[in-house]
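The file entry24.tsv comes next; it holds TSV, C-alpha atoms.
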chain	number	residue	atom	x	y	z
A	491	MET	CA	197.02	208.33	197.22
A	492	GLU	CA	197.41	204.60	196.48
A	493	TRP	CA	194.07	203.99	198.21
A	494	LEU	CA	192.42	206.67	196.11
A	495	LYS	CA	193.78	205.15	192.91
A	496	ASP	CA	192.62	201.68	193.92
A	497	ASN	CA	189.14	202.86	194.91
A	498	TYR	CA	188.61	205.57	192.28
A	499	ALA	CA	186.21	203.49	190.20
A	500	ILE	CA	184.16	202.60	193.29
A	501	ILE	CA	184.01	206.25	194.38
A	502	ILE	CA	182.94	207.46	190.95
A	503	ALA	CA	180.24	204.81	190.79
A	504	ASN	CA	178.73	206.02	194.09
A	505	ASP	CA	176.25	208.88	193.65
A	506	PHE	CA	176.77	210.34	197.14
A	507	ALA	CA	180.54	210.21	196.75
A	508	ARG	CA	180.28	212.10	193.47
A	509	SER	CA	178.01	214.64	195.12
A	510	PHE	CA	180.54	215.14	197.90
A	511	LEU	CA	183.33	215.70	195.37
A	512	ILE	CA	181.18	218.22	193.51
A	513	ILE	CA	180.58	220.13	196.76
A	514	ILE	CA	184.32	220.22	197.55
A	515	SER	CA	185.07	221.33	193.99
A	516	ALA	CA	182.40	224.04	194.15
A	517	ILE	CA	183.91	225.44	197.36
A	518	LEU	CA	187.39	225.55	195.84
A	519	ILE	CA	186.18	227.07	192.54
A	520	ALA	CA	184.07	229.67	194.38
A	521	LYS	CA	187.01	230.71	196.52
A	522	ILE	CA	189.47	230.89	193.61
A	523	THR	CA	187.01	232.78	191.35
A	524	ASP	CA	186.22	235.22	194.14
A	525	LEU	CA	189.90	235.95	194.78
A	526	ILE	CA	190.72	236.39	191.08
A	527	PHE	CA	187.66	238.54	190.34
A	528	ILE	CA	187.98	240.83	193.36
A	529	GLY	CA	191.74	241.13	193.02
A	530	PHE	CA	191.58	241.97	189.30
A	531	PHE	CA	188.85	244.60	189.54
A	532	LYS	CA	190.26	246.16	192.70
A	533	LYS	CA	193.44	246.93	190.79
A	534	ILE	CA	191.38	248.64	188.08
A	535	THR	CA	189.17	250.64	190.45
A	536	SER	CA	192.14	251.76	192.56
A	537	ARG	CA	193.29	253.87	189.61
A	538	THR	CA	190.07	255.93	189.50
A	539	ASP	CA	189.40	259.08	191.51
A	540	THR	CA	185.99	258.09	192.85
A	541	LYS	CA	185.43	255.61	195.68
A	542	LEU	CA	182.08	254.46	194.32
A	543	ASP	CA	183.55	251.72	192.10
A	544	ASP	CA	185.69	250.44	195.00
A	545	GLU	CA	182.58	250.04	197.16
A	546	ILE	CA	180.69	248.25	194.35
A	547	VAL	CA	183.55	245.78	193.73
A	548	THR	CA	183.71	245.00	197.45
A	549	LEU	CA	179.96	244.29	197.47
A	550	PHE	CA	180.40	241.60	194.78
A	551	HIS	CA	182.58	239.50	197.12
A	552	ARG	CA	179.88	237.41	198.83
A	553	PRO	CA	177.37	237.11	195.92
A	554	ILE	CA	180.00	235.63	193.60
A	555	PHE	CA	181.21	233.16	196.21
A	556	TYR	CA	177.76	231.97	197.27
A	557	SER	CA	176.36	231.87	193.71
A	558	ILE	CA	179.06	229.43	192.58
A	559	LEU	CA	178.65	227.51	195.83
A	560	PHE	CA	174.88	227.13	195.40
A	561	ILE	CA	175.30	226.11	191.77
A	562	GLY	CA	177.63	223.36	192.97
A	563	PHE	CA	175.15	222.33	195.67
A	564	SER	CA	172.38	222.10	193.06
A	565	MET	CA	174.57	219.90	190.83
A	566	ALA	CA	175.41	217.76	193.85
A	567	VAL	CA	171.71	217.29	194.62
A	568	LYS	CA	171.02	216.28	191.01
A	569	THR	CA	173.93	213.84	191.09
A	570	ALA	CA	172.81	212.22	194.37
A	571	SER	CA	169.68	210.78	192.70
A	572	LEU	CA	167.39	211.83	195.55
A	573	PRO	CA	163.60	211.48	195.38
A	574	ASP	CA	162.00	214.01	193.05
A	575	TYR	CA	160.25	216.04	195.77
A	576	ILE	CA	163.47	216.36	197.80
A	577	ASP	CA	165.45	217.22	194.67
A	578	PHE	CA	162.87	219.87	193.71
A	579	ALA	CA	162.77	221.37	197.22
A	580	LEU	CA	166.55	221.58	197.70
A	581	VAL	CA	167.22	223.01	194.23
A	582	GLY	CA	164.40	225.55	194.76
A	583	ILE	CA	165.93	226.61	198.09
A	584	PHE	CA	169.35	227.09	196.50
A	585	LYS	CA	167.86	229.12	193.62
A	586	THR	CA	165.85	231.26	196.04
A	587	ALA	CA	168.88	231.89	198.24
A	588	THR	CA	170.93	232.94	195.20
A	589	ILE	CA	168.20	235.33	193.99
A	590	ILE	CA	167.88	236.92	197.44
A	591	ILE	CA	171.64	237.44	197.68
A	592	TRP	CA	171.74	239.19	194.32
A	593	LEU	CA	168.66	241.26	195.20
A	594	PHE	CA	170.43	242.59	198.29
A	595	LEU	CA	173.49	243.34	196.16
A	596	ILE	CA	171.50	245.25	193.51
A	597	SER	CA	169.58	247.13	196.19
A	598	ARG	CA	172.78	248.13	197.96
A	599	ILE	CA	174.44	249.25	194.71
A	600	PHE	CA	171.31	251.28	193.84
A	601	ILE	CA	171.30	253.05	197.22
A	602	ILE	CA	174.97	254.02	197.24
A	603	SER	CA	174.75	255.09	193.56
A	604	ILE	CA	171.79	257.38	194.30
A	605	LYS	CA	173.58	258.90	197.30
A	606	TRP	CA	176.74	259.38	195.25
A	607	ALA	CA	174.81	261.04	192.41
A	608	SER	CA	173.01	263.40	194.82
A	609	LYS	CA	176.37	264.64	196.18
A	610	GLN	CA	177.70	265.53	192.75
A	611	ALA	CA	177.04	268.79	190.91
A	612	GLU	CA	173.63	270.19	191.76
A	613	ASN	CA	171.06	267.75	190.46
A	614	PRO	CA	167.50	269.15	190.11
A	615	LEU	CA	165.96	265.69	190.28
A	616	LEU	CA	167.94	264.15	193.15
A	617	GLN	CA	167.23	266.54	196.01
A	618	HIS	CA	166.98	266.15	199.76
A	619	LYS	CA	163.21	265.65	199.57
A	620	THR	CA	163.19	263.39	196.52
A	621	LEU	CA	166.05	261.11	197.61
A	622	PRO	CA	163.86	258.94	199.92
A	623	LEU	CA	161.25	258.72	197.13
A	624	PHE	CA	163.69	257.34	194.57
A	625	ASN	CA	165.21	255.04	197.18
A	626	ASN	CA	161.80	253.57	197.99
A	627	LEU	CA	160.70	253.32	194.35
A	628	GLY	CA	163.95	251.59	193.44
A	629	LYS	CA	163.64	249.13	196.32
A	630	ILE	CA	160.03	248.35	195.39
A	631	ALA	CA	161.00	247.72	191.75
A	632	ILE	CA	163.91	245.49	192.76
A	633	GLY	CA	161.68	243.62	195.21
A	634	LEU	CA	159.00	243.01	192.57
A	635	PHE	CA	161.56	241.64	190.10
A	636	GLY	CA	162.95	239.45	192.86
A	637	ILE	CA	159.53	238.02	193.69
A	638	TYR	CA	158.95	237.34	190.00
A	639	PHE	CA	162.19	235.34	189.65
A	640	ILE	CA	161.59	233.50	192.92
A	641	PHE	CA	158.22	232.34	191.60
A	642	LEU	CA	159.92	231.20	188.40
A	643	SER	CA	162.51	229.26	190.40
A	644	TRP	CA	159.66	227.25	191.96
A	645	ASN	CA	157.94	226.77	188.57
A	646	ILE	CA	154.94	228.86	189.62
A	647	ASN	CA	152.99	230.48	186.77
A	648	ILE	CA	152.25	234.06	187.75
A	649	ASN	CA	150.62	235.23	184.51
A	650	GLY	CA	147.22	235.27	186.21
A	651	ILE	CA	148.62	237.28	189.14
A	652	LEU	CA	150.21	239.79	186.73
A	653	ALA	CA	146.96	240.17	184.81
A	654	SER	CA	145.04	240.79	188.05
A	655	ALA	CA	147.67	243.28	189.20
A	656	GLY	CA	147.39	245.11	185.87
A	657	VAL	CA	143.62	245.43	186.19
A	658	LEU	CA	143.96	246.56	189.80
A	659	GLY	CA	146.56	249.13	188.77
A	660	VAL	CA	144.20	250.59	186.14
A	661	VAL	CA	141.36	250.79	188.67
A	662	LEU	CA	143.55	252.49	191.28
A	663	GLY	CA	144.97	254.85	188.65
A	664	LEU	CA	141.48	255.97	187.62
A	665	ALA	CA	140.34	256.32	191.23
A	666	ALA	CA	143.35	258.41	192.21
A	667	LYS	CA	144.04	260.18	188.92
A	668	ASP	CA	144.31	263.62	190.59
A	669	THR	CA	146.81	262.33	193.13
A	670	VAL	CA	148.82	260.59	190.41
A	671	ALA	CA	148.77	263.76	188.27
A	672	ASN	CA	149.99	265.86	191.21
A	673	PHE	CA	152.68	263.29	191.99
A	674	PHE	CA	154.18	263.25	188.51
A	675	ALA	CA	153.79	267.02	188.18
A	676	GLY	CA	155.77	267.40	191.41
A	677	ILE	CA	158.59	265.24	190.05
A	678	PHE	CA	158.66	267.21	186.78
A	679	LEU	CA	158.66	270.54	188.65
A	680	MET	CA	161.64	269.45	190.73
A	681	ALA	CA	163.43	268.21	187.63
A	682	ASP	CA	162.67	271.31	185.54
A	683	SER	CA	163.20	273.71	188.50
A	684	PRO	CA	161.19	276.74	187.29
A	685	PHE	CA	161.56	277.97	190.87
A	686	LYS	CA	162.96	276.75	194.16
A	687	GLU	CA	162.22	277.21	197.84
A	688	GLY	CA	162.81	280.80	198.88
A	689	ASP	CA	162.11	282.31	195.44
A	690	TYR	CA	159.76	285.27	195.14
A	691	ILE	CA	157.14	284.52	192.50
A	692	LEU	CA	154.03	285.99	190.93
A	693	LEU	CA	151.11	283.60	190.48
A	694	GLU	CA	148.79	283.66	187.51
A	695	THR	CA	145.96	284.72	189.83
A	696	GLY	CA	147.89	287.86	190.89
A	697	GLU	CA	149.22	286.80	194.30
A	698	ARG	CA	152.90	287.38	195.02
A	699	GLY	CA	155.05	285.76	197.67
A	700	TYR	CA	157.76	283.33	198.65
A	701	VAL	CA	157.87	279.62	197.91
A	702	ASN	CA	157.69	278.02	201.35
A	703	SER	CA	157.98	274.36	200.42
A	704	MET	CA	157.79	272.12	197.37
A	705	GLY	CA	156.25	268.71	197.92
A	706	LEU	CA	155.42	265.84	195.62
A	707	ARG	CA	151.69	266.60	195.80
A	708	SER	CA	151.50	270.37	196.28
A	709	THR	CA	153.55	273.55	196.66
A	710	ARG	CA	153.05	276.14	199.39
A	711	PHE	CA	153.46	279.91	199.01
A	712	MET	CA	153.55	282.64	201.64
A	713	THR	CA	151.94	285.82	200.29
A	714	ARG	CA	152.73	289.42	201.26
A	715	ASP	CA	149.68	289.26	203.54
A	716	ASP	CA	151.31	286.40	205.51
A	717	ILE	CA	148.72	283.99	204.15
A	718	GLU	CA	149.89	280.56	203.06
A	719	ILE	CA	148.48	279.29	199.77
A	720	THR	CA	148.63	275.59	198.89
A	721	ILE	CA	148.37	274.80	195.18
A	722	PRO	CA	148.30	271.29	193.65
A	723	ASN	CA	151.35	270.64	191.50
A	724	SER	CA	149.21	269.69	188.49
A	725	VAL	CA	147.70	273.20	188.56
A	726	ILE	CA	151.13	274.85	188.81
A	727	ALA	CA	152.49	272.76	185.95
A	728	SER	CA	149.79	274.12	183.62
A	729	SER	CA	149.93	277.73	184.86
A	730	LYS	CA	152.07	280.74	184.03
A	731	ILE	CA	154.40	281.44	186.97
A	732	VAL	CA	156.62	284.55	187.01
A	733	ASN	CA	159.75	283.91	189.07
A	734	GLU	CA	160.94	287.35	190.17
A	735	SER	CA	163.97	285.78	191.86
A	736	GLY	CA	165.00	284.04	188.66
A	737	GLY	CA	167.73	285.14	186.30
A	738	PRO	CA	171.43	285.68	186.99
A	739	GLN	CA	170.71	288.02	189.95
A	740	VAL	CA	167.96	288.60	192.50
A	741	ARG	CA	167.56	292.30	191.62
A	742	GLU	CA	164.60	293.48	189.55
A	743	ARG	CA	163.90	296.40	187.25
A	744	VAL	CA	160.89	298.62	187.99
A	745	ARG	CA	159.04	300.76	185.43
A	746	ILE	CA	156.97	303.79	186.42
A	747	SER	CA	154.96	305.41	183.61
A	748	LEU	CA	153.74	309.02	183.84
A	749	ILE	CA	152.50	311.86	181.65
A	750	ILE	CA	153.61	315.51	181.72
A	751	ALA	CA	151.93	318.42	179.99
A	752	TYR	CA	153.07	319.65	176.59
A	753	GLY	CA	155.36	322.63	176.96
A	754	SER	CA	157.16	321.23	180.03
A	755	ASP	CA	160.97	321.41	180.19
A	756	ILE	CA	161.59	317.76	179.36
A	757	ASP	CA	165.31	317.80	180.27
A	758	LYS	CA	164.50	319.28	183.67
A	759	VAL	CA	161.82	316.62	184.21
A	760	LYS	CA	164.23	313.80	183.30
A	761	ASP	CA	166.90	315.07	185.69
A	762	LEU	CA	164.33	315.46	188.46
A	763	LEU	CA	163.03	311.91	187.98
A	764	LYS	CA	166.56	310.46	188.09
A	765	LYS	CA	167.32	312.43	191.25
A	766	ILE	CA	164.15	311.14	192.94
A	767	ALA	CA	165.08	307.54	192.09
A	768	LEU	CA	168.69	307.88	193.28
A	769	GLU	CA	167.62	309.42	196.60
A	770	ASN	CA	165.56	306.30	197.38
A	771	LYS	CA	167.59	303.87	199.51
A	772	ASN	CA	165.99	300.84	197.82
A	773	VAL	CA	167.13	301.89	194.34
A	774	GLN	CA	170.49	300.73	193.02
A	775	ASN	CA	173.00	303.25	191.71
A	776	GLU	CA	174.27	300.71	189.17
A	777	PRO	CA	172.74	300.29	186.67
A	778	GLU	CA	171.91	304.00	186.79
A	779	PRO	CA	168.21	305.00	186.72
A	780	ARG	CA	167.08	306.28	183.33
A	781	VAL	CA	164.09	308.04	181.82
A	782	ARG	CA	162.65	307.20	178.40
A	783	PHE	CA	160.47	309.37	176.19
A	784	ARG	CA	157.92	306.80	175.07
A	785	GLU	CA	155.36	308.63	172.93
A	786	PHE	CA	153.29	311.72	172.28
A	787	GLY	CA	150.02	311.14	174.07
A	788	GLU	CA	146.61	312.72	173.51
A	789	SER	CA	146.89	314.92	176.59
A	790	GLY	CA	150.64	314.99	177.23
A	791	ILE	CA	154.10	313.50	176.84
A	792	LYS	CA	154.41	309.91	178.03
A	793	LEU	CA	157.62	309.21	179.97
A	794	GLN	CA	158.86	306.10	181.75
A	795	LEU	CA	161.23	306.00	184.72
A	796	LEU	CA	163.29	302.80	184.93
A	797	PHE	CA	165.42	301.77	187.90
A	798	TRP	CA	166.68	298.62	189.64
A	799	ILE	CA	165.81	297.47	193.15
A	800	TYR	CA	167.72	294.98	195.34
A	801	LYS	CA	164.93	292.53	196.11
A	802	PRO	CA	161.57	291.75	194.44
A	803	GLU	CA	159.67	291.92	197.72
A	804	ILE	CA	160.40	295.66	198.22
A	805	ARG	CA	158.84	296.53	194.86
A	806	GLY	CA	155.51	297.69	196.27
A	807	ARG	CA	156.82	300.08	198.93
A	808	THR	CA	159.54	301.39	196.61
A	809	ILE	CA	157.00	302.31	193.92
A	810	ASP	CA	154.83	303.93	196.58
A	811	LYS	CA	157.70	306.09	197.86
A	812	VAL	CA	158.93	307.06	194.37
A	813	ASN	CA	155.40	307.95	193.20
A	814	THR	CA	154.85	310.06	196.32
A	815	ASP	CA	158.14	311.93	195.81
A	816	ILE	CA	157.33	312.50	192.10
A	817	TYR	CA	153.97	314.02	192.99
A	818	LYS	CA	155.46	316.33	195.63
A	819	GLN	CA	158.43	317.40	193.48
A	820	PHE	CA	156.25	318.07	190.46
A	821	ALA	CA	153.99	320.24	192.58
A	822	SER	CA	156.99	322.15	193.98
A	823	ASN	CA	158.50	322.69	190.51
A	824	ASN	CA	155.21	323.61	188.79
A	825	ILE	CA	155.32	320.58	186.52
A	826	THR	CA	151.82	319.77	185.37
A	827	ILE	CA	150.45	316.24	185.21
A	828	PRO	CA	147.61	316.54	182.69
A	829	TYR	CA	144.34	314.70	182.90
A	830	PRO	CA	141.58	314.21	180.35
A	831	THR	CA	139.11	317.07	180.11
A	832	MET	CA	135.79	317.36	178.31
A	833	LYS	CA	134.32	320.54	176.89
A	834	ILE	CA	130.53	320.60	176.70
A	835	LEU	CA	128.91	322.98	174.22
A	836	MET	CA	125.29	323.87	175.03
A	837	PRO	CA	123.03	324.94	172.15
A	838	GLU	CA	121.84	328.56	172.26
A	839	ASN	CA	118.13	329.11	172.60

The structure in this file should be written as structure tokens.
Amino acid sequence: MEWLKDNYAIIIANDFARSFLIIISAILIAKITDLIFIGFFKKITSRTDTKLDDEIVTLFHRPIFYSILFIGFSMAVKTASLPDYIDFALVGIFKTATIIIWLFLISRIFIISIKWASKQAENPLLQHKTLPLFNNLGKIAIGLFGIYFIFLSWNININGILASAGVLGVVLGLAAKDTVANFFAGIFLMADSPFKEGDYILLETGERGYVNSMGLRSTRFMTRDDIEITIPNSVIASSKIVNESGGPQVRERVRISLIIAYGSDIDKVKDLLKKIALENKNVQNEPEPRVRFREFGESGIKLQLLFWIYKPEIRGRTIDKVNTDIYKQFASNNITIPYPTMKILMPEN
């Protein structure tokens, strides 16, 4: 200690000695700050239910330590009065190393946050298929920002590069506008969720079938004819799609319209129609089938039979069976189904 007191002025006057002291101080400050920061926030995060904040606090351990350390190294280099090119190179290396460390930290926090969000309550946007997309887009964005700041740390003007990239982006966007439109439409469809894989839907063109897969560019449907249809997402986004599997339940109500002749026993016809529906194994007992008197037609009474089926895909064969039974039962019970007739009057000679 006596030696240090006697030689303090000499040490302070020496640039390299001051640089060495700055480095030692930076190491001590980095270690103390790291311990205080991590210890303080770990106490706070330990009181929460989620483990996400604990993982994030742990990730800050190395970046905080090395950031303070590299700041101290940069100050030491400035204090050492080295040649300008060496000073510039060393400080640039320290800045670059600090930026890279924080880029890895931000990237890691982004990845674990996305995974944590996808495991929470059902999220229409963060799905199994879209998770890699958002991971990659996030990493690309973080990487681009990192490259930008690295260029700045070396005093490189990148305005010209950014302008060129902007022009190139416009050219590529115009060249691949259909692909870009399908891409964004796919993201919006997954976010809005008008249907999901496995749903039974009716297309605007009349085809019906299951949704096989939903991609970022297109969606595939399997029709009742076992033919797969691939439709670009931009087309689906601007089309009317009927989701027969939507709603609170999968079941679907079926309406069968028919006409009976005037003078028919309407109560008997209603009971017969209900009986035909209930005897069909595809028709649900609850809600109970019902018959509605819709209107007085030109050639007969217009009725409508309403009943519920278990699944949308059995609609066609159920209607076929019910219509067949109605025709047979009406014939057996002498119930007339009227049809338009025309009376031609010929002039007498």

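Proximity of A:Asn672, A:Ser564, A:Ser683, A:Thr588 to A:Phe639, computed with only C-alpha atoms, is greatest for A:Thr588.
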
> Can you find the residues with an atom no farther than 7 Å from (154.8, 310.7, 177.3), counting all atoms listed in the file, and report them as number ranges by chain?
Replying inline: A: 748-750, 783-787, 790-793

> Expressed in Å to a single decimal, how great is the separation between atom CA of A:Phe673 and atom CA of A:Glu694?
Replying inline: 21.2 Å

> What gap, in Å, lies between atom CA of A:Val581 and atom CA of A:Val567?
Replying inline: 7.3 Å

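The residue that comes closest to A:Arg707, out of A:Ile719, A:Glu778, A:Ser728, A:Phe674 and on the basis of all atoms listed in the file, is A:Phe674.
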
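Separating atom CA of A:Lys811 from atom CA of A:Glu742 is a distance of 16.6 Å.
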
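Proximity to A:Ile677 was assessed for A:Asp761, A:Asn723, A:Glu697, A:Tyr638 counting all atoms listed in the file; the smallest distance is recorded for A:Asn723.
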
> For A:Gln819, which of A:Arg714, A:Lys758, A:Arg741, A:Arg508 is the closest residue, counting all atoms listed in the file?
Replying inline: A:Lys758

>> Applying 12 Å and all atoms listed in the file, which residues near A:Phe594 remain after dropping the ones on its own chain fewer than 2 positions away? List them as a PyMOL selection string.
In response: chain A and resi 549-550+552-553+587-592+596-601+629+632-633+636

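Excluding stretch 521-528 of chain A and any residue on its chain fewer than 6 positions from it, the residues at most 7 Å away by all atoms listed in the file are Val547, His551, Ile554 and Phe555 of chain A.
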
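When only C-alpha atoms are used to compute distances to A:Tyr829, the closest of the residues A:Thr808, A:Ser789, A:Ser729, A:Thr538 turns out to be A:Ser789.
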
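The nearest approach to A:Ile691 among the residues A:Ile721, A:Ile726, A:Val732, A:Ile816, with only C-alpha atoms taken into account, belongs to A:Val732.
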
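Proximity to A:Ile640 at 6 Å, evaluated using all atoms listed in the file and with sequence-adjacent residues fewer than 3 positions away removed, yields A:Thr586, A:Ile637, A:Ser643.
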
>> Please list, as a PyMOL selection string, the residues that have an atom at most 9 Å away from (177.4, 255.3, 193.2) in the coordinates of this file, counting all atoms listed in the file.
In response: chain A and resi 541-543+545-546+599-607

>> Need the shell around A:Gln774: protein/DNA/RNA residues with any atom at most 8 Å away, counting all atoms listed in the file. Skip same-chain ones fewer than 4 positions apart. Format as an MDAnalysis selection string?
In response: chainID A and resid 768 778:779 797:800
